[in-house]
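The structure file final.pdb is reproduced below (PDB, C-alpha atoms).
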ATOM      1  CA  MET A 258     -43.813   2.584   0.955
ATOM      2  CA  VAL A 259     -40.881   4.011  -1.008
ATOM      3  CA  LYS A 260     -40.153   6.213   2.004
ATOM      4  CA  ALA A 261     -40.147   3.198   4.330
ATOM      5  CA  LEU A 262     -37.784   1.325   2.013
ATOM      6  CA  LEU A 263     -35.474   4.332   1.847
ATOM      7  CA  SER A 264     -35.454   4.588   5.634
ATOM      8  CA  ALA A 265     -34.637   0.912   5.979
ATOM      9  CA  LEU A 266     -31.834   1.334   3.440
ATOM     10  CA  LEU A 267     -30.436   4.314   5.335
ATOM     11  CA  VAL A 268     -30.421   2.359   8.597
ATOM     12  CA  LEU A 269     -28.636  -0.524   6.861
ATOM     13  CA  VAL A 270     -26.002   1.798   5.381
ATOM     14  CA  ALA A 271     -25.492   3.455   8.764
ATOM     15  CA  MET A 272     -25.157   0.055  10.458
ATOM     16  CA  SER A 273     -22.750  -1.348   7.898
ATOM     17  CA  SER A 274     -20.454   1.651   8.173
ATOM     18  CA  THR A 275     -20.004   1.178  11.927
ATOM     19  CA  PHE A 276     -20.453  -2.589  12.131
ATOM     20  CA  GLY A 277     -17.377  -4.371  13.391
ATOM     21  CA  LYS A 278     -15.368  -1.226  14.054
ATOM     22  CA  TYR A 279     -13.432  -1.100  17.282
ATOM     23  CA  ILE A 280     -15.052   1.145  19.879
ATOM     24  CA  PRO A 281     -13.310   1.583  23.261
ATOM     25  CA  LYS A 282     -15.138   0.536  26.435
ATOM     26  CA  THR A 283     -15.294   4.159  27.487
ATOM     27  CA  GLY A 284     -17.191   5.066  24.320
ATOM     28  CA  LYS A 285     -16.375   6.388  20.887
ATOM     29  CA  ARG A 286     -13.631   9.005  20.799
ATOM     30  CA  ILE A 287     -13.186  12.018  18.536
ATOM     31  CA  PRO A 288     -10.006  11.434  16.482
ATOM     32  CA  GLN A 289      -7.115  13.551  17.799
ATOM     33  CA  THR A 290      -6.013  16.306  15.454
ATOM     34  CA  LEU A 291      -2.504  17.558  14.779
ATOM     35  CA  SER A 292      -3.725  21.140  15.197
ATOM     36  CA  ARG A 293      -4.772  20.559  18.822
ATOM     37  CA  GLY A 294      -7.001  23.603  18.442
ATOM     38  CA  TRP A 295      -4.334  26.035  17.173
ATOM     39  CA  GLY A 296      -5.690  26.189  13.616
ATOM     40  CA  ASP A 297      -7.630  23.336  12.056
ATOM     41  CA  GLN A 298      -7.060  24.749   8.567
ATOM     42  CA  LEU A 299      -3.267  24.758   8.819
ATOM     43  CA  ILE A 300      -1.053  21.903   7.691
ATOM     44  CA  TRP A 301       0.918  20.941  10.796
ATOM     45  CA  ALA A 302       4.177  19.026  10.864
ATOM     46  CA  GLN A 303       4.069  16.058  13.234
ATOM     47  CA  THR A 304       7.672  16.143  14.424
ATOM     48  CA  TYR A 305      10.543  18.615  14.616
ATOM     49  CA  GLU A 306      12.464  16.578  12.024
ATOM     50  CA  GLU A 307       9.529  16.776   9.620
ATOM     51  CA  GLY A 308       9.182  20.527  10.240
ATOM     52  CA  LEU A 309      12.890  21.113   9.575
ATOM     53  CA  TYR A 310      12.718  19.128   6.344
ATOM     54  CA  TRP A 311       9.712  21.079   5.038
ATOM     55  CA  SER A 312      11.290  24.353   6.123
ATOM     56  CA  ARG A 313      14.483  23.640   4.200
ATOM     57  CA  SER A 314      12.839  22.238   1.113
ATOM     58  CA  ARG A 315      10.199  24.993   0.816
ATOM     59  CA  ASN A 316      12.484  27.783   2.053
ATOM     60  CA  LYS A 317       9.949  28.916   4.646
ATOM     61  CA  PRO A 318      10.643  29.641   8.309
ATOM     62  CA  LEU A 319       9.415  27.107  10.865
ATOM     63  CA  MET A 320       7.328  28.178  13.845
ATOM     64  CA  VAL A 321       7.514  25.788  16.814
ATOM     65  CA  LEU A 322       4.817  26.276  19.417
ATOM     66  CA  PHE A 323       5.160  24.491  22.757
ATOM     67  CA  HIS A 324       1.982  24.288  24.796
ATOM     68  CA  LEU A 325       0.035  22.060  27.187
ATOM     69  CA  GLU A 326      -3.600  21.092  26.878
ATOM     70  CA  ASP A 327      -4.404  21.814  30.530
ATOM     71  CA  CYS A 328      -2.355  24.999  30.948
ATOM     72  CA  PRO A 329      -4.676  28.037  31.256
ATOM     73  CA  HIS A 330      -2.082  30.384  29.684
ATOM     74  CA  SER A 331      -1.809  28.060  26.666
ATOM     75  CA  GLN A 332      -5.592  27.829  26.410
ATOM     76  CA  ALA A 333      -6.044  31.615  26.550
ATOM     77  CA  LEU A 334      -3.402  32.190  23.864
ATOM     78  CA  ARG A 335      -4.808  29.367  21.718
ATOM     79  CA  LYS A 336      -8.277  30.866  21.661
ATOM     80  CA  LEU A 337      -7.162  34.237  20.252
ATOM     81  CA  PHE A 338      -4.393  32.720  18.111
ATOM     82  CA  SER A 339      -6.751  30.287  16.369
ATOM     83  CA  GLU A 340      -9.362  33.008  15.793
ATOM     84  CA  ASP A 341      -6.926  35.578  14.391
ATOM     85  CA  ASN A 342      -7.327  35.570  10.619
ATOM     86  CA  GLU A 343      -4.127  37.465   9.873
ATOM     87  CA  ILE A 344      -2.020  35.102  11.976
ATOM     88  CA  GLN A 345      -3.708  32.038  10.504
ATOM     89  CA  ARG A 346      -3.365  33.249   6.896
ATOM     90  CA  THR A 347       0.274  34.292   7.354
ATOM     91  CA  LEU A 348       1.150  30.955   8.920
ATOM     92  CA  ASP A 349      -0.665  29.037   6.188
ATOM     93  CA  GLU A 350       0.980  30.914   3.344
ATOM     94  CA  ASP A 351       4.460  31.744   4.606
ATOM     95  CA  PHE A 352       5.382  29.340   7.419
ATOM     96  CA  ILE A 353       5.886  25.719   8.304
ATOM     97  CA  VAL A 354       4.068  25.108  11.589
ATOM     98  CA  LEU A 355       4.576  22.614  14.386
ATOM     99  CA  ASN A 356       2.856  22.502  17.759
ATOM    100  CA  LEU A 357       4.172  20.205  20.456
ATOM    101  CA  VAL A 358       2.855  19.160  23.849
ATOM    102  CA  TYR A 359       6.207  17.532  24.438
ATOM    103  CA  GLU A 360       9.785  18.787  24.539
ATOM    104  CA  THR A 361      12.235  17.513  21.921
ATOM    105  CA  THR A 362      15.766  16.311  22.637
ATOM    106  CA  ASP A 363      17.159  19.412  20.870
ATOM    107  CA  LYS A 364      18.282  21.920  23.511
ATOM    108  CA  HIS A 365      18.375  24.746  20.955
ATOM    109  CA  LEU A 366      14.590  24.842  21.225
ATOM    110  CA  SER A 367      14.767  25.840  24.893
ATOM    111  CA  PRO A 368      17.265  28.730  24.936
ATOM    112  CA  ASP A 369      16.025  29.964  28.326
ATOM    113  CA  GLY A 370      14.312  26.875  29.690
ATOM    114  CA  GLN A 371      11.305  24.696  29.077
ATOM    115  CA  TYR A 372       7.979  26.417  29.686
ATOM    116  CA  VAL A 373       4.659  26.880  27.930
ATOM    117  CA  PRO A 374       3.325  28.576  25.960
ATOM    118  CA  ARG A 375       6.615  29.166  24.106
ATOM    119  CA  ILE A 376       7.118  30.118  20.474
ATOM    120  CA  ILE A 377      10.445  29.609  18.720
ATOM    121  CA  PHE A 378      11.193  30.499  15.101
ATOM    122  CA  VAL A 379      13.672  28.486  13.047
ATOM    123  CA  ASP A 380      15.209  29.720   9.800
ATOM    124  CA  PRO A 381      15.275  27.424   6.716
ATOM    125  CA  THR A 382      19.051  27.269   7.277
ATOM    126  CA  MET A 383      18.096  25.293  10.441
ATOM    127  CA  THR A 384      19.239  28.172  12.658
ATOM    128  CA  VAL A 385      17.094  28.763  15.748
ATOM    129  CA  ARG A 386      16.179  32.464  15.755
ATOM    130  CA  ALA A 387      16.941  33.073  19.439
ATOM    131  CA  ASP A 388      16.903  36.795  18.593
ATOM    132  CA  ILE A 389      13.141  36.810  17.951
ATOM    133  CA  VAL A 390      11.674  37.285  21.414
ATOM    134  CA  GLY A 391       8.515  38.408  23.194
ATOM    135  CA  ARG A 392       8.240  41.063  25.898
ATOM    136  CA  TYR A 393       9.136  39.098  29.044
ATOM    137  CA  SER A 394      12.796  39.108  30.048
ATOM    138  CA  ASN A 395      12.482  36.048  32.310
ATOM    139  CA  ARG A 396      10.670  33.965  29.690
ATOM    140  CA  MET A 397      11.814  35.433  26.420
ATOM    141  CA  TYR A 398       9.767  33.208  24.113
ATOM    142  CA  ALA A 399       6.472  33.432  26.005
ATOM    143  CA  TYR A 400       3.468  35.285  24.627
ATOM    144  CA  GLU A 401       0.287  36.395  26.383
ATOM    145  CA  PRO A 402      -3.048  36.713  24.546
ATOM    146  CA  SER A 403      -2.488  40.504  24.519
ATOM    147  CA  ASP A 404       0.798  40.019  22.610
ATOM    148  CA  LEU A 405      -0.684  38.907  19.283
ATOM    149  CA  LYS A 406       0.380  42.133  17.516
ATOM    150  CA  LEU A 407       3.933  41.608  18.761
ATOM    151  CA  LEU A 408       3.767  37.996  17.587
ATOM    152  CA  LEU A 409       2.681  39.148  14.113
ATOM    153  CA  GLY A 410       5.619  41.592  14.063
ATOM    154  CA  ASN A 411       7.940  38.731  15.031
ATOM    155  CA  MET A 412       6.518  36.577  12.255
ATOM    156  CA  LYS A 413       7.430  39.354   9.825
ATOM    157  CA  LYS A 414      10.979  39.349  11.243
ATOM    158  CA  ALA A 415      11.179  35.577  10.792
ATOM    159  CA  LYS A 416      10.036  35.935   7.171
ATOM    160  CA  LYS A 417      13.210  37.949   6.450
ATOM    161  CA  LEU A 418      15.362  34.876   5.998
ATOM    162  CA  LEU A 419      18.936  34.848   7.260
ATOM    163  CA  LYS A 420      20.363  34.050   3.824
ATOM    164  CA  SER A 421      17.642  35.354   1.560
ATOM    165  CA  GLU A 422      20.141  36.055  -1.229
ATOM    166  CA  LEU A 423      21.144  32.427  -1.644
TER     167      LEU A 423
ATOM    168  CA  MET B  75     -44.432  32.199  10.511
ATOM    169  CA  VAL B  76     -42.767  30.509  13.456
ATOM    170  CA  LYS B  77     -41.130  28.150  10.969
ATOM    171  CA  ALA B  78     -39.793  31.062   8.897
ATOM    172  CA  LEU B  79     -38.380  32.695  12.005
ATOM    173  CA  LEU B  80     -36.731  29.442  13.057
ATOM    174  CA  SER B  81     -35.195  29.076   9.594
ATOM    175  CA  ALA B  82     -33.854  32.612   9.700
ATOM    176  CA  LEU B  83     -32.430  31.932  13.151
ATOM    177  CA  LEU B  84     -30.775  28.738  11.935
ATOM    178  CA  VAL B  85     -29.175  30.571   9.005
ATOM    179  CA  LEU B  86     -27.894  33.256  11.381
ATOM    180  CA  VAL B  87     -26.423  30.656  13.757
ATOM    181  CA  ALA B  88     -24.793  28.845  10.844
ATOM    182  CA  MET B  89     -23.345  32.107   9.524
ATOM    183  CA  SER B  90     -22.029  33.259  12.883
ATOM    184  CA  SER B  91     -20.275  29.971  13.499
ATOM    185  CA  THR B  92     -18.246  30.264  10.288
ATOM    186  CA  PHE B  93     -18.119  34.048  10.016
ATOM    187  CA  GLY B  94     -14.614  35.371  10.229
ATOM    188  CA  LYS B  95     -12.936  31.961  10.365
ATOM    189  CA  TYR B  96      -9.860  31.544   8.223
ATOM    190  CA  ILE B  97     -10.452  29.412   5.144
ATOM    191  CA  PRO B  98      -7.527  28.752   2.762
ATOM    192  CA  LYS B  99      -7.795  29.928  -0.849
ATOM    193  CA  THR B 100      -7.836  26.314  -1.973
ATOM    194  CA  GLY B 101     -10.948  25.664   0.140
ATOM    195  CA  LYS B 102     -11.741  24.322   3.570
ATOM    196  CA  ARG B 103      -9.528  21.440   4.704
ATOM    197  CA  ILE B 104     -10.359  18.448   6.868
ATOM    198  CA  PRO B 105      -8.254  18.756  10.063
ATOM    199  CA  GLN B 106      -5.302  16.344  10.017
ATOM    200  CA  THR B 107      -5.530  13.534  12.549
ATOM    201  CA  LEU B 108      -2.757  11.954  14.569
ATOM    202  CA  SER B 109      -4.028   8.493  13.635
ATOM    203  CA  ARG B 110      -3.433   9.074   9.925
ATOM    204  CA  GLY B 111      -5.897   6.275   9.290
ATOM    205  CA  TRP B 112      -4.235   3.621  11.496
ATOM    206  CA  GLY B 113      -6.927   3.692  14.182
ATOM    207  CA  ASP B 114      -9.053   6.760  14.862
ATOM    208  CA  GLN B 115     -10.115   5.375  18.248
ATOM    209  CA  LEU B 116      -6.568   4.980  19.574
ATOM    210  CA  ILE B 117      -4.748   7.649  21.565
ATOM    211  CA  TRP B 118      -1.598   8.338  19.551
ATOM    212  CA  ALA B 119       1.564   9.929  20.879
ATOM    213  CA  GLN B 120       2.711  12.836  18.732
ATOM    214  CA  THR B 121       6.463  12.369  19.125
ATOM    215  CA  TYR B 122       8.910   9.630  20.081
ATOM    216  CA  GLU B 123       9.781  11.534  23.271
ATOM    217  CA  GLU B 124       6.113  11.683  24.248
ATOM    218  CA  GLY B 125       5.702   7.964  23.482
ATOM    219  CA  LEU B 126       8.735   7.045  25.594
ATOM    220  CA  TYR B 127       7.444   9.111  28.504
ATOM    221  CA  TRP B 128       4.000   7.488  28.423
ATOM    222  CA  SER B 129       5.556   4.055  28.018
ATOM    223  CA  ARG B 130       7.740   4.506  31.109
ATOM    224  CA  SER B 131       5.103   6.141  33.274
ATOM    225  CA  ARG B 132       2.327   3.662  32.399
ATOM    226  CA  ASN B 133       4.637   0.625  32.163
ATOM    227  CA  LYS B 134       3.289  -0.315  28.741
ATOM    228  CA  PRO B 135       5.355  -1.193  25.666
ATOM    229  CA  LEU B 136       5.535   1.390  22.884
ATOM    230  CA  MET B 137       4.762   0.444  19.291
ATOM    231  CA  VAL B 138       6.377   2.736  16.707
ATOM    232  CA  LEU B 139       4.962   2.448  13.210
ATOM    233  CA  PHE B 140       6.815   4.109  10.339
ATOM    234  CA  HIS B 141       4.776   4.576   7.167
ATOM    235  CA  LEU B 142       4.224   6.925   4.234
ATOM    236  CA  GLU B 143       0.883   8.255   3.054
ATOM    237  CA  ASP B 144       1.584   7.514  -0.619
ATOM    238  CA  CYS B 145       3.301   4.136  -0.220
ATOM    239  CA  PRO B 146       1.027   1.336  -1.504
ATOM    240  CA  HIS B 147       2.515  -1.219   0.959
ATOM    241  CA  SER B 148       1.745   1.144   3.843
ATOM    242  CA  GLN B 149      -1.764   1.740   2.534
ATOM    243  CA  ALA B 150      -2.490  -1.983   2.152
ATOM    244  CA  LEU B 151      -1.250  -2.746   5.676
ATOM    245  CA  ARG B 152      -3.132   0.240   7.101
ATOM    246  CA  LYS B 153      -6.455  -0.914   5.710
ATOM    247  CA  LEU B 154      -6.340  -4.332   7.400
ATOM    248  CA  PHE B 155      -4.556  -3.026  10.497
ATOM    249  CA  SER B 156      -7.175  -0.343  11.158
ATOM    250  CA  GLU B 157     -10.051  -2.777  10.568
ATOM    251  CA  ASP B 158      -8.654  -5.546  12.799
ATOM    252  CA  ASN B 159     -10.573  -5.395  16.074
ATOM    253  CA  GLU B 160      -8.164  -7.579  18.038
ATOM    254  CA  ILE B 161      -5.152  -5.494  17.030
ATOM    255  CA  GLN B 162      -6.977  -2.233  17.742
ATOM    256  CA  ARG B 163      -8.263  -3.396  21.143
ATOM    257  CA  THR B 164      -4.887  -4.793  22.197
ATOM    258  CA  LEU B 165      -3.118  -1.589  21.189
ATOM    259  CA  ASP B 166      -5.705   0.549  22.969
ATOM    260  CA  GLU B 167      -5.570  -1.409  26.199
ATOM    261  CA  ASP B 168      -1.973  -2.598  26.464
ATOM    262  CA  PHE B 169       0.248  -0.359  24.331
ATOM    263  CA  ILE B 170       1.417   3.176  23.792
ATOM    264  CA  VAL B 171       1.180   3.875  20.058
ATOM    265  CA  LEU B 172       3.038   6.231  17.755
ATOM    266  CA  ASN B 173       2.865   6.435  13.979
ATOM    267  CA  LEU B 174       5.395   8.536  12.112
ATOM    268  CA  VAL B 175       5.698   9.630   8.495
ATOM    269  CA  TYR B 176       9.144  10.906   9.362
ATOM    270  CA  GLU B 177      12.300   9.311  10.709
ATOM    271  CA  THR B 178      13.557  10.388  14.129
ATOM    272  CA  THR B 179      17.164  11.242  14.957
ATOM    273  CA  ASP B 180      17.407   8.061  17.092
ATOM    274  CA  LYS B 181      19.252   5.404  15.095
ATOM    275  CA  HIS B 182      18.022   2.633  17.408
ATOM    276  CA  LEU B 183      14.691   2.891  15.606
ATOM    277  CA  SER B 184      16.255   1.796  12.316
ATOM    278  CA  PRO B 185      18.261  -1.323  13.273
ATOM    279  CA  ASP B 186      18.416  -2.512   9.634
ATOM    280  CA  GLY B 187      17.719   0.689   7.750
ATOM    281  CA  GLN B 188      14.955   3.169   7.106
ATOM    282  CA  TYR B 189      12.029   1.750   5.156
ATOM    283  CA  VAL B 190       8.245   1.663   5.384
ATOM    284  CA  PRO B 191       6.069   0.144   6.610
ATOM    285  CA  ARG B 192       8.232  -0.720   9.625
ATOM    286  CA  ILE B 193       7.103  -1.628  13.137
ATOM    287  CA  ILE B 194       9.447  -1.393  16.110
ATOM    288  CA  PHE B 195       8.553  -2.266  19.694
ATOM    289  CA  VAL B 196      10.153  -0.454  22.622
ATOM    290  CA  ASP B 197      10.096  -1.747  26.200
ATOM    291  CA  PRO B 198       9.107   0.616  29.065
ATOM    292  CA  THR B 199      12.788   0.399  30.120
ATOM    293  CA  MET B 200      13.390   2.370  26.877
ATOM    294  CA  THR B 201      15.069  -0.640  25.274
ATOM    295  CA  VAL B 202      14.337  -1.101  21.561
ATOM    296  CA  ARG B 203      13.155  -4.710  21.125
ATOM    297  CA  ALA B 204      15.303  -5.466  18.066
ATOM    298  CA  ASP B 205      14.554  -9.167  18.760
ATOM    299  CA  ILE B 206      10.877  -8.806  17.797
ATOM    300  CA  VAL B 207      10.919  -9.213  14.018
ATOM    301  CA  GLY B 208       8.681 -10.068  11.084
ATOM    302  CA  ARG B 209       9.265 -12.757   8.461
ATOM    303  CA  TYR B 210      11.577 -10.945   6.011
ATOM    304  CA  SER B 211      15.312 -11.336   6.588
ATOM    305  CA  ASN B 212      16.255  -8.324   4.441
ATOM    306  CA  ARG B 213      13.726  -6.021   6.128
ATOM    307  CA  MET B 214      13.291  -7.509   9.553
ATOM    308  CA  TYR B 215      10.704  -5.044  10.853
ATOM    309  CA  ALA B 216       8.472  -4.985   7.767
ATOM    310  CA  TYR B 217       4.985  -6.512   7.761
ATOM    311  CA  GLU B 218       2.722  -7.346   4.829
ATOM    312  CA  PRO B 219      -1.093  -7.300   5.127
ATOM    313  CA  SER B 220      -0.957 -11.122   5.322
ATOM    314  CA  ASP B 221       1.291 -10.907   8.420
ATOM    315  CA  LEU B 222      -1.317  -9.579  10.858
ATOM    316  CA  LYS B 223      -1.379 -12.850  12.859
ATOM    317  CA  LEU B 224       2.398 -12.687  13.184
ATOM    318  CA  LEU B 225       2.113  -9.063  14.259
ATOM    319  CA  LEU B 226      -0.414 -10.020  16.948
ATOM    320  CA  GLY B 227       2.000 -12.717  18.152
ATOM    321  CA  ASN B 228       4.786 -10.137  18.282
ATOM    322  CA  MET B 229       2.551  -7.792  20.254
ATOM    323  CA  LYS B 230       2.111 -10.585  22.810
ATOM    324  CA  LYS B 231       5.920 -10.945  22.969
ATOM    325  CA  ALA B 232       6.283  -7.195  23.528
ATOM    326  CA  LYS B 233       3.722  -7.362  26.357
ATOM    327  CA  LYS B 234       6.098  -9.644  28.279
ATOM    328  CA  LEU B 235       8.153  -6.780  29.643
ATOM    329  CA  LEU B 236      11.927  -7.148  29.957
ATOM    330  CA  LYS B 237      11.879  -6.396  33.684
ATOM    331  CA  SER B 238       8.360  -7.372  34.602
ATOM    332  CA  GLU B 239       9.394  -8.295  38.156
ATOM    333  CA  LEU B 240      10.393  -4.742  39.045
TER     334      LEU B 240
END
Just dump the structure as structure tokens.
Amino acid sequence: MVKALLSALLVLVAMSSTFGKYIPKTGKRIPQTLSRGWGDQLIWAQTYEEGLYWSRSRNKPLMVLFHLEDCPHSQALRKLFSEDNEIQRTLDEDFIVLNLVYETTDKHLSPDGQYVPRIIFVDPTMTVRADIVGRYSNRMYAYEPSDLKLLLGNMKKAKKLLKSEL
Amino acid sequence: MVKALLSALLVLVAMSSTFGKYIPKTGKRIPQTLSRGWGDQLIWAQTYEEGLYWSRSRNKPLMVLFHLEDCPHSQALRKLFSEDNEIQRTLDEDFIVLNLVYETTDKHLSPDGQYVPRIIFVDPTMTVRADIVGRYSNRMYAYEPSDLKLLLGNMKKAKKLLKSEL
């Protein structure tokens, strides 16, 4: 009897928590995340402006990651990137992170064109670190899944701030 | 015996799914969502550029909502806004939506200053609808929780596109 009452109560609680909430015709959706699969445990900036502000105020370099949800190169990089503990920990502790599926109006973020995946570092002085590049001369800011070690090395470069004495 | 084996299997599966994943020192975080509490079932643009692109390509007006997580006026509006079925359905079906906790570099989005909460409509022609205002003359794009009916009326205005004949 107590069990039956408890069950009825549970059903009521479950009903009341969804009752009246808007559900699209196509069915309930999973809320979109700011990580977009690149690291659910990281705190992502939503916009470039927000990223720049955090970078300046916390004196940490900003990593801007351009990608596309349906690009196989982005997907392949994302899988290894999100599973790499050292990359995730370093980003969480020492970087401001922003991932974008859309270009910004700032041309400094596309020094050699707009392509994905593309990773650009920005110093807290708001200087785009165009000198921190990957291994491909035609797409200097592109990284393949096999380039994660190089990416980690580049993150270390970015951590040496341009005006670290100030 | 079968039960014990199943339990052991379950524990193993549970362990393997978290094993090796990066967890911050301060404990596991809930992934940030793009809705930020304003409607988990809506598909939110991440940036103003993305919102403008969707607005143009789908010929739907864009609603830009500026707010701050720790602003009590934003919180109060968010609660009613996110629970209002008519607003949520209308936004889902007829609008492109963007919520920002950060200002953009485009001054057209702050016709009478930067404050929160602030709601600006943009036509698919990329024209900011500075004519669609709330009831406060000193903060023309501000809405209080009691202004939801007015907001719905303004959404209907925004749905009448500037160049609907084209």
Where does the ChimeraX specification (/A :<6) & /B land in this file, that is, which residues does it pick, as number ranges by chain? B: 96, 103, 105-108, 114-115, 124, 159, 176
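Between atom CA of Gly410 of chain A and atom CA of Gly370 of chain A lies a distance of 23.2 Å.
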Name the residues that the PyMOL selection byres ((chain A and resi 315) around 12) picks from the file above, as a count of residues only, using the file's chain letters and numbers. 18
Calculate how many Å separate atom CA of Pro402 of chain A from atom CA of Thr384 of chain A, rounding to one decimal.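 Answer for the atom CA of Pro402 of chain A to atom CA of Thr384 of chain A separation: 26.7 Å.
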Step by step, work through what the PyMOL selection byres ((chain A and resi 332) around 12) selects in the shown file, and finish by giving those residues as a ChimeraX atom specification. /A:293-295,323-331,333-339,373-374,400-402
Distance query 6 Å from (4.8, 35.0, 9.4) using only C-alpha atoms, result as a PyMOL selection string: chain A and resi 347-348+351+412-413+416
May I have the residues at most 12 Å from (22.9, 26.5, 22.3) in the file's coordinates, counting all atoms listed in the file, as a PyMOL selection string? chain A and resi 363-370+384-387
Correct to one decimal, the distance atom CA of Val379 of chain A-atom CA of Leu418 of chain A is 9.7 Å
Where is the centre and how long are the edges: axis-aligned box on segment 159-170 of chain B, 4 Å on each side, Å to one decimal, as AutoDock Vina command-line options:
--center_x -4.6 --center_y -2.2 --center_z 21.3 --size_x 20.0 --size_y 18.8 --size_z 18.4
